[in-house]
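Reviewing the structure listed below.
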Number of protein chains: 2
Amino acid sequence: MKTYESVPFFNVDIDMGFWQKRQELNRSMTIPAVLRQFTDTGRFAALRCDWREGQPNKPHIFYDSDVAKWIESVAYALEKQSLPDMQAAAQAAIDDIIAHQCSDGYINSYFTGVEPSMRWRHRWAHELYCAGHYMEASVAWHHATGQDDFLQAMCRYADYIDRVFRVEHSAAFGTPGHEEIELALVRLYHETGEERYLNLSRYFIEQRGRDPLDASAEGSERNLMYNQSHLPAREQSEAVGHSVRACYFYSGMADIARECRDEGLKAACERLFDSITQKRMYVTGGIGSTSYGEAFTVDYDLPNEIAYTETCAAIALCCFAQRMLLISPQRKYADVVERALYNGFLSGVSLDGRKFFYTNPLEITLAHHFPNPTYKDREWLPQTQRVEVFSCSCCPPNVTRMIASVGNYIYTRDADTVYMHQYMGHTAHLDGGEICVRTAYPADGNVRIVARGLEGRTLALRIPAWCGSFSLDRPYVLRDGYAYVRLEAETRLRLTLDMPLYLVQANVRASDAAGKAALMRGPIVYCVEGVDQDAPLCGVSLRAPLKAEVTGAAEFGMPAITADGYRQAEPADDALYRPLLERPHAQSLRFIPYYAFANRGESDMRVWLPLQWDE
Amino acid sequence: MKTYESVPFFNVDIDMGFWQKRQELNRSMTIPAVLRQFTDTGRFAALRCDWREGQPNKPHIFYDSDVAKWIESVAYALEKQSLPDMQAAAQAAIDDIIAHQCSDGYINSYFTGVEPSMRWRHRWAHELYCAGHYMEASVAWHHATGQDDFLQAMCRYADYIDRVFRVEHSAAFGTPGHEEIELALVRLYHETGEERYLNLSRYFIEQRGRDPLDASAEGSERNLMYNQSHLPAREQSEAVGHSVRACYFYSGMADIARECRDEGLKAACERLFDSITQKRMYVTGGIGSTSYGEAFTVDYDLPNEIAYTETCAAIALCCFAQRMLLISPQRKYADVVERALYNGFLSGVSLDGRKFFYTNPLEITLAHHFPNPTYKDREWLPQTQRVEVFSCSCCPPNVTRMIASVGNYIYTRDADTVYMHQYMGHTAHLDGGEICVRTAYPADGNVRIVARGLEGRTLALRIPAWCGSFSLDRPYVLRDGYAYVRLEAETRLRLTLDMPLYLVQANVRASDAAGKAALMRGPIVYCVEGVDQDAPLCGVSLRAPLKAEVTGAAEFGMPAITADGYRQAEPADDALYRPLLERPHAQSLRFIPYYAFANRGESDMRVWLPLQWDE
């Protein structure tokens, strides 16, 4: 089994364009905003393990993971430039974490500070999930700062977890209730070279779906499916249950498949990836169709208005897809990273970098968002505006670490070939040479590449599936969605990806999108917002074939688009029902990037629009 | 204030056509089917008040009302022909009811047999609601059989209720938690001439929304709105809360407005009627948009798939609208009766007369009806198939009494003018004369009328609002939707209502129907069912302008219709998303009457369809 290497983001300087702006905003605005919110809500204070009944801000079982992802974000940002305030706050948190490590190695502010007798008693209690995020943070901190006390503390914790779970089986459950530690242990193994961590990860992966303690802890097939414990990993074929758990788990499976050259696990990962992306993924790359269990449901069930599509789930899908590229460099994986990254992930944070969506619906009809005046509230509907913090605030620090390390998604490679999967303006250093990319992508499809000092190697450039035609001003071989170019001592390339506006249709079995279309440009899914139209969205349709043009400045980091459409003719009378006599009226529809929705107050919104076909 | 009289159904013999068949099915199949189900579930046994803990079929607080409506149905059927088995079963039930009347007059099998200490303790306990249905049944039984023991028992009960509620205020609440007794007391007053019953009804109407005991029993504004106790009756303007309760209450208000010549109550009724029919009513005449509280929600909130639209609510709306005709003979009231009767009401019973819908959705997508494989069930969705009985089985005996007495809806009158609001084949006897109507309506719009012995009177024929043109072969004056014809000793009329196929659109503010259309023919709402099409309904659209024809025999009591439409082009690949390249393909769509949906197994269904406008 052939495997590939990553080119880590700290060897990739994102020094221009779309993502430079996002990273700058992330550093200057979002990371400090999350610090403020987490401070105000007691998440940092909780690390001191001295909360007592009656005090405000009772710690929660997943607070450690929130802090961990924030520290990880700071570490990533520090790779690029110094941030003294953020670093000091992270250091203080790390000091608290280390100070309250138990003598046996255990680290968990909730169970140490609030319920010490309940350690390892409940599978749902997120202890191993928090441990995984601490491990990831410690690896990042070690790399960014060179300090190794946090990393050492986490190694001691990992050793202890290894003893409790793999050797002694002394916990009340056998494998994590919320996966994450599996992929974290592989990172810890890479940072330390300690094979015990790789083996523990593999143990958790293999033990899942087989452990009798887990079966009795969960009690039902449904609960086992909820966290992917219903079958052994290598027998799984359908993406089920909590979608973040699922993709963290599949990421761990892909890691182990790669590290252990495990064809069986690799095949399972391929089946699960196809299950998600061919049957259970929104056009935005969002996943998780229902609020009940934040979960996958059944094939083709992709309701727009009650979509759950958690921001963390889009991130987790990127994690999974990128790891698939390390065992199988197929375009489809990079296409999915791109889809999720620019749409269902990026919608999770406001344009000003201060507010977050936990859920990312594909349709908002404000008229449906009323408190039921009688009896009980209406069915669950997603929030229509981003907020600064959630009680379960996993998404904000996941956004910050994702943006700070987004350079991870550009490349994979082997000794001969460097695959460029994503187009971001950057300068990468590898093998003593460098690759420099200048582009406004995805605002346009022009990509200038200069590679120096990599002669004899091959650069493979992804031609996205959405791209109908492209040009490249150097000889190339096109194979399986990649254009292969032989590099010389200095190679200057100009890749032009045609980026027309186009409509997308869904498989007719996806009942909530059937008969409709979504407007895209390159990888960007567009949407209409009520605030931009002078007709109610519920009565509009989009002209097909598409007649549209790019209009206005790139006010959302991307041009707006105006397309021909129609609105329901509305007679002056105010009747509830009336004979349909009048044709729909022409109506220009203004589209903005989906990721930019809900930045201008509450508004109706649609990704999928009904069509009116003209001659 | 001018008022009008009804022409009761027992003076109207429905002797041909659409409703004769329905009444025959009701007598031969539905009334016996309900008896069987109610016997099997212990509803009749409960009347003996001897259920003991540990026995099966624990009585329920609303069982009396189920039995009462069934007895009422039998009484109505007996007006037309003898039904010895049904009569004997009803008589046995009545004997049990009378035998277990308490010495003070109280009648309630649940509180007498199961929880005697809880009499009049809980406003939600349906005692006055059950009493009202018993009163209606006793009036019907008295008229049909001439026996007066049941009526006398109910008069004693009414006297006792009058004392408890109006005189002594000794119950834990002040007015009914579920309205119904208000209109029933007016019927008892009409049957007995005893004004105490009229006054008690008026008292309940006026006291509602003012009673401090009710306010503390309900505890919150929401709960008060749930059963229309949030404001005094004459101050109400918006239809709120549980939709069956609401329309029973408004019916009682209309009764009192008429009996007491009360302009204030009449004005409130007019406002409430407009609130329902201009803002909160489905095109089928169904009402109640949400399962939460079986209730009205807010203006224009009319979701199709999660519509509640209880069968009883359509009946209650007919009750209310018909009573409005007795204080204001306006076409809009009769139009609403017709809309609800032929659509949202009639869908409540299967074509074979044996099964019932409690809820009547306007859209079914079977793919949405899956048990969520993880964690919890999905949002509430209505049942997709009729069943024989419900645990809360209010609808089946409401259907049987409605069909058996549907002749009530044909006429209202004063001394000079007889208004014919509904067109059913029948012979009516009034003022020593008769009116005979021969018609296949609503299968077609041809109505032949012969009036004899009514010379000097005026016959006013409703021209439905849906009817664009009509012809009448006698001189007439058209005023406010009625054609007025002067009657001679014998008058033969031929009224022809044009009944073309037409599309209806909804007000654009009704977001779930906006941009779509429903197909109608005369008063009949049509729908498409998946079982009739060779394309998935979720991807079809209807051609506009409508190009359709009546096809096939009247297999559902009404012709089927075939209309031009389109289906989403579906490439051979099985991709989840793909560029939209192909125009939709032509697709004939077969429409059947909405009331006939779900009679051929589970199927997708749509009333509202997206449109594709052609040149």
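How things are named: the first chain in the structure tokens is A, the next is B, and so on; residues count from 1 in each chain; ligands count from 1 in the order shown.
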I'd like the contact shell of segment 338-346 of chain A - 8 Å cut-off, only C-alpha atoms, skipping same-chain residues fewer than 3 positions apart - returned as a PDB file with all heavy atoms, in the first residue's frame.
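Everything below was put into selection_14.pdb:
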ATOM      1  N   VAL A 283     -24.912  20.329  -0.575  1.00  0.00           N
ATOM      2  CA  VAL A 283     -24.118  20.930  -1.644  1.00  0.00           C
ATOM      3  C   VAL A 283     -23.054  21.873  -1.080  1.00  0.00           C
ATOM      4  O   VAL A 283     -22.054  22.165  -1.728  1.00  0.00           O
ATOM      5  CB  VAL A 283     -25.047  21.644  -2.664  1.00  0.00           C
ATOM      6  CG1 VAL A 283     -25.653  22.910  -2.057  1.00  0.00           C
ATOM      7  CG2 VAL A 283     -24.335  21.947  -3.971  1.00  0.00           C
ATOM      8  N   THR A 284     -23.269  22.321   0.141  1.00  0.00           N
ATOM      9  CA  THR A 284     -22.294  23.185   0.826  1.00  0.00           C
ATOM     10  C   THR A 284     -21.161  22.405   1.479  1.00  0.00           C
ATOM     11  O   THR A 284     -20.277  23.016   2.079  1.00  0.00           O
ATOM     12  CB  THR A 284     -22.999  23.960   1.954  1.00  0.00           C
ATOM     13  OG1 THR A 284     -23.614  22.987   2.825  1.00  0.00           O
ATOM     14  CG2 THR A 284     -24.055  24.910   1.410  1.00  0.00           C
ATOM     15  N   GLY A 285     -21.219  21.075   1.403  1.00  0.00           N
ATOM     16  CA  GLY A 285     -20.263  20.272   2.157  1.00  0.00           C
ATOM     17  C   GLY A 285     -20.672  20.109   3.609  1.00  0.00           C
ATOM     18  O   GLY A 285     -19.952  19.489   4.396  1.00  0.00           O
ATOM     19  N   GLY A 286     -21.801  20.669   3.989  1.00  0.00           N
ATOM     20  CA  GLY A 286     -22.338  20.452   5.335  1.00  0.00           C
ATOM     21  C   GLY A 286     -22.793  19.013   5.485  1.00  0.00           C
ATOM     22  O   GLY A 286     -23.266  18.403   4.523  1.00  0.00           O
ATOM     23  N   THR A 309     -26.040  20.414  10.008  1.00  0.00           N
ATOM     24  CA  THR A 309     -24.828  20.882   9.329  1.00  0.00           C
ATOM     25  C   THR A 309     -23.941  21.743  10.231  1.00  0.00           C
ATOM     26  O   THR A 309     -23.673  22.909   9.942  1.00  0.00           O
ATOM     27  CB  THR A 309     -25.234  21.716   8.087  1.00  0.00           C
ATOM     28  OG1 THR A 309     -26.233  22.669   8.494  1.00  0.00           O
ATOM     29  CG2 THR A 309     -25.807  20.836   7.003  1.00  0.00           C
ATOM     30  N   THR A 311     -20.936  23.420  12.069  1.00  0.00           N
ATOM     31  CA  THR A 311     -19.651  23.929  11.585  1.00  0.00           C
ATOM     32  C   THR A 311     -18.533  22.919  11.855  1.00  0.00           C
ATOM     33  O   THR A 311     -17.698  22.645  10.985  1.00  0.00           O
ATOM     34  CB  THR A 311     -19.336  25.270  12.259  1.00  0.00           C
ATOM     35  OG1 THR A 311     -20.424  26.177  11.993  1.00  0.00           O
ATOM     36  CG2 THR A 311     -18.054  25.862  11.721  1.00  0.00           C
ATOM     37  N   CYS A 312     -18.511  22.344  13.042  1.00  0.00           N
ATOM     38  CA  CYS A 312     -17.493  21.336  13.372  1.00  0.00           C
ATOM     39  C   CYS A 312     -17.555  20.135  12.434  1.00  0.00           C
ATOM     40  O   CYS A 312     -16.541  19.476  12.198  1.00  0.00           O
ATOM     41  CB  CYS A 312     -17.677  20.836  14.806  1.00  0.00           C
ATOM     42  SG  CYS A 312     -17.131  21.993  16.067  1.00  0.00           S
ATOM     43  N   ALA A 314     -18.354  20.141   9.221  1.00  0.00           N
ATOM     44  CA  ALA A 314     -17.673  20.486   7.962  1.00  0.00           C
ATOM     45  C   ALA A 314     -16.166  20.402   8.147  1.00  0.00           C
ATOM     46  O   ALA A 314     -15.430  19.915   7.275  1.00  0.00           O
ATOM     47  CB  ALA A 314     -18.095  21.882   7.506  1.00  0.00           C
ATOM     48  N   ILE A 315     -15.695  20.860   9.320  1.00  0.00           N
ATOM     49  CA  ILE A 315     -14.262  20.757   9.628  1.00  0.00           C
ATOM     50  C   ILE A 315     -13.838  19.288   9.676  1.00  0.00           C
ATOM     51  O   ILE A 315     -12.822  18.900   9.094  1.00  0.00           O
ATOM     52  CB  ILE A 315     -13.954  21.455  10.969  1.00  0.00           C
ATOM     53  CG1 ILE A 315     -14.198  22.967  10.842  1.00  0.00           C
ATOM     54  CG2 ILE A 315     -12.542  21.138  11.449  1.00  0.00           C
ATOM     55  CD1 ILE A 315     -14.157  23.729  12.165  1.00  0.00           C
ATOM     56  N   LEU A 317     -15.183  16.781   8.263  1.00  0.00           N
ATOM     57  CA  LEU A 317     -15.178  16.189   6.919  1.00  0.00           C
ATOM     58  C   LEU A 317     -13.894  16.566   6.168  1.00  0.00           C
ATOM     59  O   LEU A 317     -13.305  15.727   5.474  1.00  0.00           O
ATOM     60  CB  LEU A 317     -16.417  16.639   6.140  1.00  0.00           C
ATOM     61  CG  LEU A 317     -16.536  16.123   4.704  1.00  0.00           C
ATOM     62  CD1 LEU A 317     -16.537  14.587   4.647  1.00  0.00           C
ATOM     63  CD2 LEU A 317     -17.796  16.680   4.029  1.00  0.00           C
ATOM     64  N   CYS A 318     -13.451  17.823   6.329  1.00  0.00           N
ATOM     65  CA  CYS A 318     -12.166  18.221   5.729  1.00  0.00           C
ATOM     66  C   CYS A 318     -11.024  17.367   6.285  1.00  0.00           C
ATOM     67  O   CYS A 318     -10.150  16.911   5.542  1.00  0.00           O
ATOM     68  CB  CYS A 318     -11.881  19.701   5.994  1.00  0.00           C
ATOM     69  SG  CYS A 318     -12.957  20.830   5.095  1.00  0.00           S
ATOM     70  N   ALA A 334     -10.000  15.997  -2.583  1.00  0.00           N
ATOM     71  CA  ALA A 334      -9.667  17.427  -2.552  1.00  0.00           C
ATOM     72  C   ALA A 334     -10.868  18.284  -2.947  1.00  0.00           C
ATOM     73  O   ALA A 334     -11.068  19.385  -2.425  1.00  0.00           O
ATOM     74  CB  ALA A 334      -8.485  17.698  -3.470  1.00  0.00           C
ATOM     75  N   ASP A 335     -11.679  17.766  -3.868  1.00  0.00           N
ATOM     76  CA  ASP A 335     -12.904  18.495  -4.238  1.00  0.00           C
ATOM     77  C   ASP A 335     -13.817  18.662  -3.028  1.00  0.00           C
ATOM     78  O   ASP A 335     -14.435  19.714  -2.839  1.00  0.00           O
ATOM     79  CB  ASP A 335     -13.660  17.738  -5.338  1.00  0.00           C
ATOM     80  CG  ASP A 335     -13.047  17.942  -6.728  1.00  0.00           C
ATOM     81  OD1 ASP A 335     -12.196  18.838  -6.895  1.00  0.00           O
ATOM     82  OD2 ASP A 335     -13.442  17.200  -7.655  1.00  0.00           O
ATOM     83  N   VAL A 349     -18.426  31.356  10.508  1.00  0.00           N
ATOM     84  CA  VAL A 349     -17.893  32.539  11.190  1.00  0.00           C
ATOM     85  C   VAL A 349     -18.332  33.799  10.432  1.00  0.00           C
ATOM     86  O   VAL A 349     -18.415  33.793   9.198  1.00  0.00           O
ATOM     87  CB  VAL A 349     -16.346  32.449  11.328  1.00  0.00           C
ATOM     88  CG1 VAL A 349     -15.664  32.295   9.977  1.00  0.00           C
ATOM     89  CG2 VAL A 349     -15.779  33.646  12.088  1.00  0.00           C
ATOM     90  N   ASN A 360     -25.675  25.490  10.149  1.00  0.00           N
ATOM     91  CA  ASN A 360     -25.574  26.256   8.910  1.00  0.00           C
ATOM     92  C   ASN A 360     -26.652  25.800   7.934  1.00  0.00           C
ATOM     93  O   ASN A 360     -26.399  24.983   7.047  1.00  0.00           O
ATOM     94  CB  ASN A 360     -24.174  26.055   8.305  1.00  0.00           C
ATOM     95  CG  ASN A 360     -23.071  26.562   9.225  1.00  0.00           C
ATOM     96  OD1 ASN A 360     -22.720  27.734   9.196  1.00  0.00           O
ATOM     97  ND2 ASN A 360     -22.543  25.682  10.073  1.00  0.00           N
ATOM     98  N   VAL A 399     -13.065  26.653  14.495  1.00  0.00           N
ATOM     99  CA  VAL A 399     -12.898  27.591  13.383  1.00  0.00           C
ATOM    100  C   VAL A 399     -11.516  28.234  13.436  1.00  0.00           C
ATOM    101  O   VAL A 399     -10.801  28.308  12.432  1.00  0.00           O
ATOM    102  CB  VAL A 399     -13.993  28.681  13.422  1.00  0.00           C
ATOM    103  CG1 VAL A 399     -13.668  29.833  12.471  1.00  0.00           C
ATOM    104  CG2 VAL A 399     -15.367  28.085  13.085  1.00  0.00           C
ATOM    105  N   GLN A 422      -5.168  22.494  -3.356  1.00  0.00           N
ATOM    106  CA  GLN A 422      -5.941  23.721  -3.143  1.00  0.00           C
ATOM    107  C   GLN A 422      -5.112  24.904  -3.626  1.00  0.00           C
ATOM    108  O   GLN A 422      -3.885  24.910  -3.480  1.00  0.00           O
ATOM    109  CB  GLN A 422      -6.298  23.903  -1.662  1.00  0.00           C
ATOM    110  CG  GLN A 422      -7.021  22.713  -1.029  1.00  0.00           C
ATOM    111  CD  GLN A 422      -8.371  22.384  -1.665  1.00  0.00           C
ATOM    112  OE1 GLN A 422      -9.014  23.264  -2.267  1.00  0.00           O
ATOM    113  NE2 GLN A 422      -8.792  21.135  -1.565  1.00  0.00           N
ATOM    114  N   PRO A 523     -15.815  26.977  -6.838  1.00  0.00           N
ATOM    115  CA  PRO A 523     -16.192  26.169  -5.680  1.00  0.00           C
ATOM    116  C   PRO A 523     -17.222  26.836  -4.780  1.00  0.00           C
ATOM    117  O   PRO A 523     -17.636  26.252  -3.778  1.00  0.00           O
ATOM    118  CB  PRO A 523     -14.863  26.032  -4.925  1.00  0.00           C
ATOM    119  CG  PRO A 523     -14.134  27.307  -5.231  1.00  0.00           C
ATOM    120  CD  PRO A 523     -14.526  27.672  -6.651  1.00  0.00           C
ATOM    121  N   ILE A 524     -17.602  28.045  -5.133  1.00  0.00           N
ATOM    122  CA  ILE A 524     -18.425  28.852  -4.231  1.00  0.00           C
ATOM    123  C   ILE A 524     -19.913  28.629  -4.495  1.00  0.00           C
ATOM    124  O   ILE A 524     -20.409  28.883  -5.593  1.00  0.00           O
ATOM    125  CB  ILE A 524     -18.114  30.352  -4.389  1.00  0.00           C
ATOM    126  CG1 ILE A 524     -16.612  30.622  -4.200  1.00  0.00           C
ATOM    127  CG2 ILE A 524     -18.940  31.191  -3.416  1.00  0.00           C
ATOM    128  CD1 ILE A 524     -16.101  30.348  -2.805  1.00  0.00           C
ATOM    129  N   VAL A 525     -20.609  28.179  -3.470  1.00  0.00           N
ATOM    130  CA  VAL A 525     -22.068  28.087  -3.517  1.00  0.00           C
ATOM    131  C   VAL A 525     -22.635  29.466  -3.204  1.00  0.00           C
ATOM    132  O   VAL A 525     -22.194  30.112  -2.252  1.00  0.00           O
ATOM    133  CB  VAL A 525     -22.586  27.058  -2.492  1.00  0.00           C
ATOM    134  CG1 VAL A 525     -24.104  27.051  -2.445  1.00  0.00           C
ATOM    135  CG2 VAL A 525     -22.045  25.664  -2.809  1.00  0.00           C
ATOM    136  N   TYR A 594     -22.695  31.943  -0.279  1.00  0.00           N
ATOM    137  CA  TYR A 594     -23.381  31.338   0.860  1.00  0.00           C
ATOM    138  C   TYR A 594     -22.655  31.636   2.163  1.00  0.00           C
ATOM    139  O   TYR A 594     -23.281  31.935   3.184  1.00  0.00           O
ATOM    140  CB  TYR A 594     -23.493  29.826   0.651  1.00  0.00           C
ATOM    141  CG  TYR A 594     -23.957  29.086   1.877  1.00  0.00           C
ATOM    142  CD1 TYR A 594     -25.293  29.129   2.267  1.00  0.00           C
ATOM    143  CD2 TYR A 594     -23.067  28.364   2.669  1.00  0.00           C
ATOM    144  CE1 TYR A 594     -25.727  28.470   3.403  1.00  0.00           C
ATOM    145  CE2 TYR A 594     -23.484  27.701   3.808  1.00  0.00           C
ATOM    146  CZ  TYR A 594     -24.814  27.760   4.178  1.00  0.00           C
ATOM    147  OH  TYR A 594     -25.228  27.111   5.307  1.00  0.00           O
ATOM    148  N   TYR A 595     -21.324  31.594   2.144  1.00  0.00           N
ATOM    149  CA  TYR A 595     -20.599  31.757   3.408  1.00  0.00           C
ATOM    150  C   TYR A 595     -20.840  33.122   4.025  1.00  0.00           C
ATOM    151  O   TYR A 595     -20.578  33.324   5.211  1.00  0.00           O
ATOM    152  CB  TYR A 595     -19.099  31.489   3.232  1.00  0.00           C
ATOM    153  CG  TYR A 595     -18.326  32.472   2.381  1.00  0.00           C
ATOM    154  CD1 TYR A 595     -18.138  33.799   2.766  1.00  0.00           C
ATOM    155  CD2 TYR A 595     -17.754  32.061   1.167  1.00  0.00           C
ATOM    156  CE1 TYR A 595     -17.416  34.686   1.987  1.00  0.00           C
ATOM    157  CE2 TYR A 595     -17.028  32.939   0.380  1.00  0.00           C
ATOM    158  CZ  TYR A 595     -16.864  34.255   0.795  1.00  0.00           C
ATOM    159  OH  TYR A 595     -16.163  35.136   0.032  1.00  0.00           O
TER     160      TYR A 595
END
**Proximal residues of chain B relative to chain A (only C-alpha atoms; 7 Å) as a VMD selection string** = chain B and resid 222 to 223 225 to 226 241 278 to 279 292 to 293 297 372 to 376 378 to 379 502 to 508 511 514 to 515 538 to 540 568 575 to 580 612 to 613
If you count only C-alpha atoms, which residues fall within 10 Å of Leu325 of chain A, apart from same-chain ones fewer than 5 positions away, as a PDB file with N, CA, C and O atoms, in the first residue's frame?
ATOM      1  N   THR A   3       1.712   5.115   0.354  1.00  0.00           N
ATOM      2  CA  THR A   3       1.176   6.221   1.148  1.00  0.00           C
ATOM      3  C   THR A   3       1.892   7.513   0.771  1.00  0.00           C
ATOM      4  O   THR A   3       2.894   7.502   0.061  1.00  0.00           O
ATOM      5  N   TYR A   4       1.359   8.591   1.285  1.00  0.00           N
ATOM      6  CA  TYR A   4       1.840   9.931   0.929  1.00  0.00           C
ATOM      7  C   TYR A   4       2.100  10.739   2.191  1.00  0.00           C
ATOM      8  O   TYR A   4       1.673  10.366   3.284  1.00  0.00           O
ATOM      9  N   GLU A   5       2.805  11.826   2.004  1.00  0.00           N
ATOM     10  CA  GLU A   5       3.142  12.696   3.127  1.00  0.00           C
ATOM     11  C   GLU A   5       2.375  14.007   3.008  1.00  0.00           C
ATOM     12  O   GLU A   5       2.015  14.437   1.912  1.00  0.00           O
ATOM     13  N   SER A   6       2.211  14.641   4.128  1.00  0.00           N
ATOM     14  CA  SER A   6       1.642  15.990   4.092  1.00  0.00           C
ATOM     15  C   SER A   6       2.772  17.013   4.002  1.00  0.00           C
ATOM     16  O   SER A   6       3.934  16.705   4.266  1.00  0.00           O
ATOM     17  N   ALA A 254      -8.457   6.488   8.951  1.00  0.00           N
ATOM     18  CA  ALA A 254      -7.584   6.750   7.792  1.00  0.00           C
ATOM     19  C   ALA A 254      -6.126   6.868   8.243  1.00  0.00           C
ATOM     20  O   ALA A 254      -5.211   6.386   7.562  1.00  0.00           O
ATOM     21  N   PHE A 320     -11.135  14.380   7.466  1.00  0.00           N
ATOM     22  CA  PHE A 320     -11.245  13.026   6.925  1.00  0.00           C
ATOM     23  C   PHE A 320     -10.777  12.989   5.468  1.00  0.00           C
ATOM     24  O   PHE A 320      -9.931  12.167   5.082  1.00  0.00           O
ATOM     25  N   GLN A 330      -6.705  11.030  -4.820  1.00  0.00           N
ATOM     26  CA  GLN A 330      -7.767  11.167  -5.804  1.00  0.00           C
ATOM     27  C   GLN A 330      -8.410  12.540  -5.674  1.00  0.00           C
ATOM     28  O   GLN A 330      -8.670  13.016  -4.574  1.00  0.00           O
ATOM     29  N   ARG A 331      -8.722  13.097  -6.822  1.00  0.00           N
ATOM     30  CA  ARG A 331      -9.299  14.436  -6.856  1.00  0.00           C
ATOM     31  C   ARG A 331     -10.546  14.567  -6.003  1.00  0.00           C
ATOM     32  O   ARG A 331     -10.796  15.614  -5.397  1.00  0.00           O
ATOM     33  N   LYS A 332     -11.355  13.518  -5.951  1.00  0.00           N
ATOM     34  CA  LYS A 332     -12.635  13.653  -5.241  1.00  0.00           C
ATOM     35  C   LYS A 332     -12.446  14.072  -3.789  1.00  0.00           C
ATOM     36  O   LYS A 332     -13.286  14.776  -3.225  1.00  0.00           O
ATOM     37  N   TYR A 333     -11.355  13.636  -3.181  1.00  0.00           N
ATOM     38  CA  TYR A 333     -11.122  14.016  -1.791  1.00  0.00           C
ATOM     39  C   TYR A 333     -10.836  15.514  -1.683  1.00  0.00           C
ATOM     40  O   TYR A 333     -11.358  16.214  -0.814  1.00  0.00           O
ATOM     41  N   ALA A 334     -10.000  15.997  -2.583  1.00  0.00           N
ATOM     42  CA  ALA A 334      -9.667  17.427  -2.552  1.00  0.00           C
ATOM     43  C   ALA A 334     -10.868  18.284  -2.947  1.00  0.00           C
ATOM     44  O   ALA A 334     -11.068  19.385  -2.425  1.00  0.00           O
ATOM     45  N   TYR A 409      -3.990  22.041   3.937  1.00  0.00           N
ATOM     46  CA  TYR A 409      -4.844  21.419   2.920  1.00  0.00           C
ATOM     47  C   TYR A 409      -4.325  21.600   1.503  1.00  0.00           C
ATOM     48  O   TYR A 409      -4.911  21.102   0.563  1.00  0.00           O
ATOM     49  N   TYR A 411      -1.254  20.744   0.067  1.00  0.00           N
ATOM     50  CA  TYR A 411      -0.408  19.723  -0.572  1.00  0.00           C
ATOM     51  C   TYR A 411      -0.555  18.342   0.043  1.00  0.00           C
ATOM     52  O   TYR A 411      -0.827  18.198   1.242  1.00  0.00           O
ATOM     53  N   THR A 412      -0.291  17.338  -0.773  1.00  0.00           N
ATOM     54  CA  THR A 412       0.245  16.061  -0.289  1.00  0.00           C
ATOM     55  C   THR A 412       1.371  15.715  -1.256  1.00  0.00           C
ATOM     56  O   THR A 412       1.482  16.306  -2.334  1.00  0.00           O
ATOM     57  N   ARG A 413       2.178  14.722  -0.909  1.00  0.00           N
ATOM     58  CA  ARG A 413       3.338  14.463  -1.766  1.00  0.00           C
ATOM     59  C   ARG A 413       3.908  13.078  -1.509  1.00  0.00           C
ATOM     60  O   ARG A 413       3.664  12.447  -0.482  1.00  0.00           O
ATOM     61  N   TYR A 419       1.590  17.084  -5.002  1.00  0.00           N
ATOM     62  CA  TYR A 419       0.221  17.354  -5.421  1.00  0.00           C
ATOM     63  C   TYR A 419      -0.229  18.684  -4.843  1.00  0.00           C
ATOM     64  O   TYR A 419      -0.159  18.880  -3.622  1.00  0.00           O
ATOM     65  N   HIS A 421      -3.420  20.511  -4.178  1.00  0.00           N
ATOM     66  CA  HIS A 421      -4.865  20.248  -4.184  1.00  0.00           C
ATOM     67  C   HIS A 421      -5.682  21.520  -4.096  1.00  0.00           C
ATOM     68  O   HIS A 421      -6.776  21.594  -4.629  1.00  0.00           O
TER      69      HIS A 421
END
**Item:** Contacts of segment 78-87 of chain A within 7 Å, only C-alpha atoms, excl. fewer than 4 positions in-chain, as number ranges by chain
**Value:** A: 10, 74, 91, 144
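Atom CA of Gly432 of chain A is found 25.7 Å from atom CA of Glu259 of chain A.
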**Item:** Shell of 12 Å around Tyr76 of chain B, only C-alpha atoms, local chain residues under 5 positions omitted, as a PyMOL selection string
**Value:** chain B and resi 8-13+23+26-27+31+69-71+81-83+86-87+90+136-145+397+400-408
**Request:** Using DSSP on the backbone, list every residue of segment 304-535 of chain B that comes out as strand (DSSP E), and give them as an MDAnalysis selection string.
**Result:** chainID B and resid 363:364 411:413 417:420 426:430 433:439 446:452 458:462 470:472 477:479 482:486 490:497 501:506 516:521 524:529
